[in-house]
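File shown here: run28.cif, holding mmCIF, C-alpha atoms and all ligand atoms.
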data_input
loop_
_atom_site.group_PDB
_atom_site.id
_atom_site.type_symbol
_atom_site.label_atom_id
_atom_site.label_comp_id
_atom_site.auth_asym_id
_atom_site.auth_seq_id
_atom_site.Cartn_x
_atom_site.Cartn_y
_atom_site.Cartn_z
ATOM 1 C CA MET S 1 114.659 -0.382 -112.375
ATOM 2 C CA TRP S 2 115.209 2.465 -114.737
ATOM 3 C CA PRO S 3 118.674 2.862 -116.082
ATOM 4 C CA SER S 4 120.221 5.832 -114.364
ATOM 5 C CA ARG S 5 120.228 8.130 -117.270
ATOM 6 C CA ASN S 6 120.356 11.688 -116.220
ATOM 7 C CA ARG S 7 119.046 13.233 -119.339
ATOM 8 C CA THR S 8 116.503 15.925 -118.653
ATOM 9 C CA ALA S 9 113.549 16.180 -120.933
ATOM 10 C CA THR S 10 113.054 19.807 -120.096
ATOM 11 C CA VAL S 11 115.320 22.776 -120.256
ATOM 12 C CA THR S 12 115.001 26.156 -118.675
ATOM 13 C CA CYS S 13 114.570 29.148 -120.882
ATOM 14 C CA LEU S 14 117.392 31.473 -120.270
ATOM 15 C CA ALA S 15 115.309 34.572 -120.814
ATOM 16 C CA CYS S 16 112.045 33.937 -119.002
ATOM 17 C CA GLY S 17 112.921 30.955 -116.827
ATOM 18 C CA ASP S 18 110.099 28.781 -118.117
ATOM 19 C CA GLU S 19 110.622 25.101 -118.379
ATOM 20 C CA VAL S 20 110.159 23.916 -121.891
ATOM 21 C CA SER S 21 110.673 20.533 -123.370
ATOM 22 C CA ARG S 22 113.997 20.137 -124.993
ATOM 23 C CA SER S 23 112.447 19.307 -128.316
ATOM 24 C CA THR S 24 110.613 22.621 -128.557
ATOM 25 C CA ALA S 25 113.369 24.735 -127.107
ATOM 26 C CA ARG S 26 115.751 26.621 -129.302
ATOM 27 C CA GLU S 27 119.390 26.314 -128.670
ATOM 28 C CA TYR S 28 121.095 29.510 -127.882
ATOM 29 C CA ASP S 29 124.777 29.567 -128.341
ATOM 30 C CA LYS S 30 126.367 32.555 -126.776
ATOM 31 C CA TYR S 31 129.373 32.059 -128.969
ATOM 32 C CA GLY S 32 127.194 32.435 -132.000
ATOM 33 C CA ASP S 33 128.405 29.423 -133.871
ATOM 34 C CA ARG S 34 125.930 26.602 -133.595
ATOM 35 C CA TRP S 35 127.823 24.327 -135.863
ATOM 36 C CA ASP S 36 130.905 24.131 -133.814
ATOM 37 C CA ARG S 37 129.591 21.992 -131.040
ATOM 38 C CA GLU S 38 132.717 20.765 -129.428
ATOM 39 C CA ASP S 39 133.150 21.397 -125.727
ATOM 40 C CA LYS S 40 130.111 23.516 -125.522
ATOM 41 C CA THR S 41 127.079 23.649 -123.436
ATOM 42 C CA PHE S 42 124.153 25.236 -125.061
ATOM 43 C CA GLU S 43 121.710 27.433 -123.322
ATOM 44 C CA HIS S 44 118.105 27.337 -124.309
ATOM 45 C CA LEU S 45 115.341 29.681 -125.128
ATOM 46 C CA CYS S 46 111.682 28.905 -125.368
ATOM 47 C CA LYS S 47 110.092 29.546 -128.722
ATOM 48 C CA ASP S 48 108.539 32.842 -127.691
ATOM 49 C CA CYS S 49 111.719 34.324 -126.388
ATOM 50 C CA TYR S 50 113.632 33.060 -129.336
ATOM 51 C CA THR S 51 111.216 34.776 -131.668
ATOM 52 C CA ASP S 52 111.423 37.971 -129.655
ATOM 53 C CA LEU S 53 115.120 37.921 -129.666
ATOM 54 C CA CYS S 54 116.759 40.566 -131.676
ATOM 55 C CA ARG S 55 118.708 38.841 -134.364
ATOM 56 C CA GLN S 56 121.559 41.238 -134.356
ATOM 57 C CA PRO S 57 124.800 39.582 -133.330
ATOM 58 C CA ARG S 58 125.029 41.654 -130.217
ATOM 59 C CA ASP S 59 126.330 39.028 -127.897
ATOM 60 C CA GLU S 60 129.166 38.322 -130.164
ATOM 61 C CA LEU S 61 130.208 41.888 -130.104
ATOM 62 C CA GLU S 62 131.758 41.530 -126.695
ATOM 63 C CA ASP S 63 133.823 38.553 -127.734
ATOM 64 C CA LEU S 64 134.837 40.345 -130.828
ATOM 65 C CA LEU S 65 135.997 43.343 -128.893
ATOM 66 C CA VAL S 66 138.017 41.204 -126.552
ATOM 67 C CA GLU S 67 139.497 39.365 -129.456
ATOM 68 C CA LEU S 68 140.499 42.572 -131.099
ATOM 69 C CA GLU S 69 141.912 43.953 -127.892
ATOM 70 C CA ALA S 70 139.666 46.932 -127.831
ATOM 71 C CA GLY S 71 141.268 49.674 -125.851
ATOM 72 C CA GLU S 72 144.704 48.215 -126.161
ATOM 73 C CA ARG S 73 145.307 49.411 -129.616
ATOM 74 C CA GLY S 74 145.050 52.742 -131.216
ATOM 75 C CA GLN S 75 141.585 53.608 -132.357
ATOM 76 C CA LYS S 76 142.492 53.588 -135.971
ATOM 77 C CA SER S 77 144.045 50.153 -136.049
ATOM 78 C CA PHE S 78 141.259 48.821 -133.868
ATOM 79 C CA LEU S 79 138.610 50.118 -136.208
ATOM 80 C CA SER S 80 140.157 48.669 -139.313
ATOM 81 C CA GLY S 81 140.627 45.352 -137.510
ATOM 82 C CA TYR S 82 137.054 45.477 -136.340
ATOM 83 C CA ILE S 83 135.652 46.109 -139.777
ATOM 84 C CA SER S 84 137.583 43.310 -141.405
ATOM 85 C CA ALA S 85 136.685 40.910 -138.595
ATOM 86 C CA VAL S 86 133.022 41.742 -138.973
ATOM 87 C CA GLU S 87 133.224 41.304 -142.699
ATOM 88 C CA ASP S 88 134.930 37.982 -142.203
ATOM 89 C CA ARG S 89 132.157 36.776 -139.998
ATOM 90 C CA TYR S 90 129.072 38.303 -141.466
ATOM 91 C CA GLY S 91 130.017 39.392 -144.907
ATOM 92 C CA THR S 92 129.925 42.941 -146.044
ATOM 93 C CA VAL S 93 127.235 44.825 -144.274
ATOM 94 C CA GLU S 94 125.775 46.571 -147.250
ATOM 95 C CA GLU S 95 124.911 45.081 -150.585
ATOM 96 C CA GLU S 96 124.355 41.471 -149.866
ATOM 97 C CA SER S 97 123.408 40.041 -153.198
HETATM 98 ZN ZN ZN S 101 111.340 32.074 -122.571
#
Go ahead and render the structure in this file as structure tokens.
Amino acid sequence: MWPSRNRTATVTCLACGDEVSRSTAREYDKYGDRWDREDKTFEHLCKDCYTDLCRQPRDELEDLLVELEAGERGQKSFLSGYISAVEDRYGTVEEES
């Protein structure tokens, strides 16, 4: 008998719902940090959807806003916190040399 390994060879693309083989799928980490793999389940995108995907860190924005307690601080202190958090994560927006 086969060993009861429950490892699926296909994953479902999160955008279009297609089944793609795990080896061709792209991992999509909604937390935006693919290198921190602990306690995470990755979602998957097929190659096409991955390519179509806008590379802007949009999904992280929500987390960032929660983290910075958007709406619970004054606008001014929120904005300065936001800018430094974004710079921490992505580097300065302009002039990347
Ligand atoms: Zn897809």
Could you report the residues within 12 Å of ligand ZN 101 (chain S), using only C-alpha atoms and all ligand atoms, as a VMD selection string?
chain S and resid 11 to 21 24 to 28 43 to 53
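The gap separating atom CA of S:Tyr82 from atom CA of S:Leu68 is 6.9 Å, in Å to one decimal.
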Expressed in Å, the length from atom CA of S:Ser77 to atom CA of S:Glu62 is 17.7 Å
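Taking atom CA of S:Gln75 and atom CA of S:Asp29 as the two end points, the separation is 29.6 Å.
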The residue from S:Arg22, S:Leu79, S:Tyr90, S:Ala85 with the smallest atom-to-atom distance to S:Asp63, counting all atoms listed in the file, is S:Ala85
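Of the listed residues S:Thr41, S:Ala9, S:Ser23, S:Leu64, the one whose atoms come nearest to S:Ser84 is S:Leu64, with distances taken using all atoms listed in the file.
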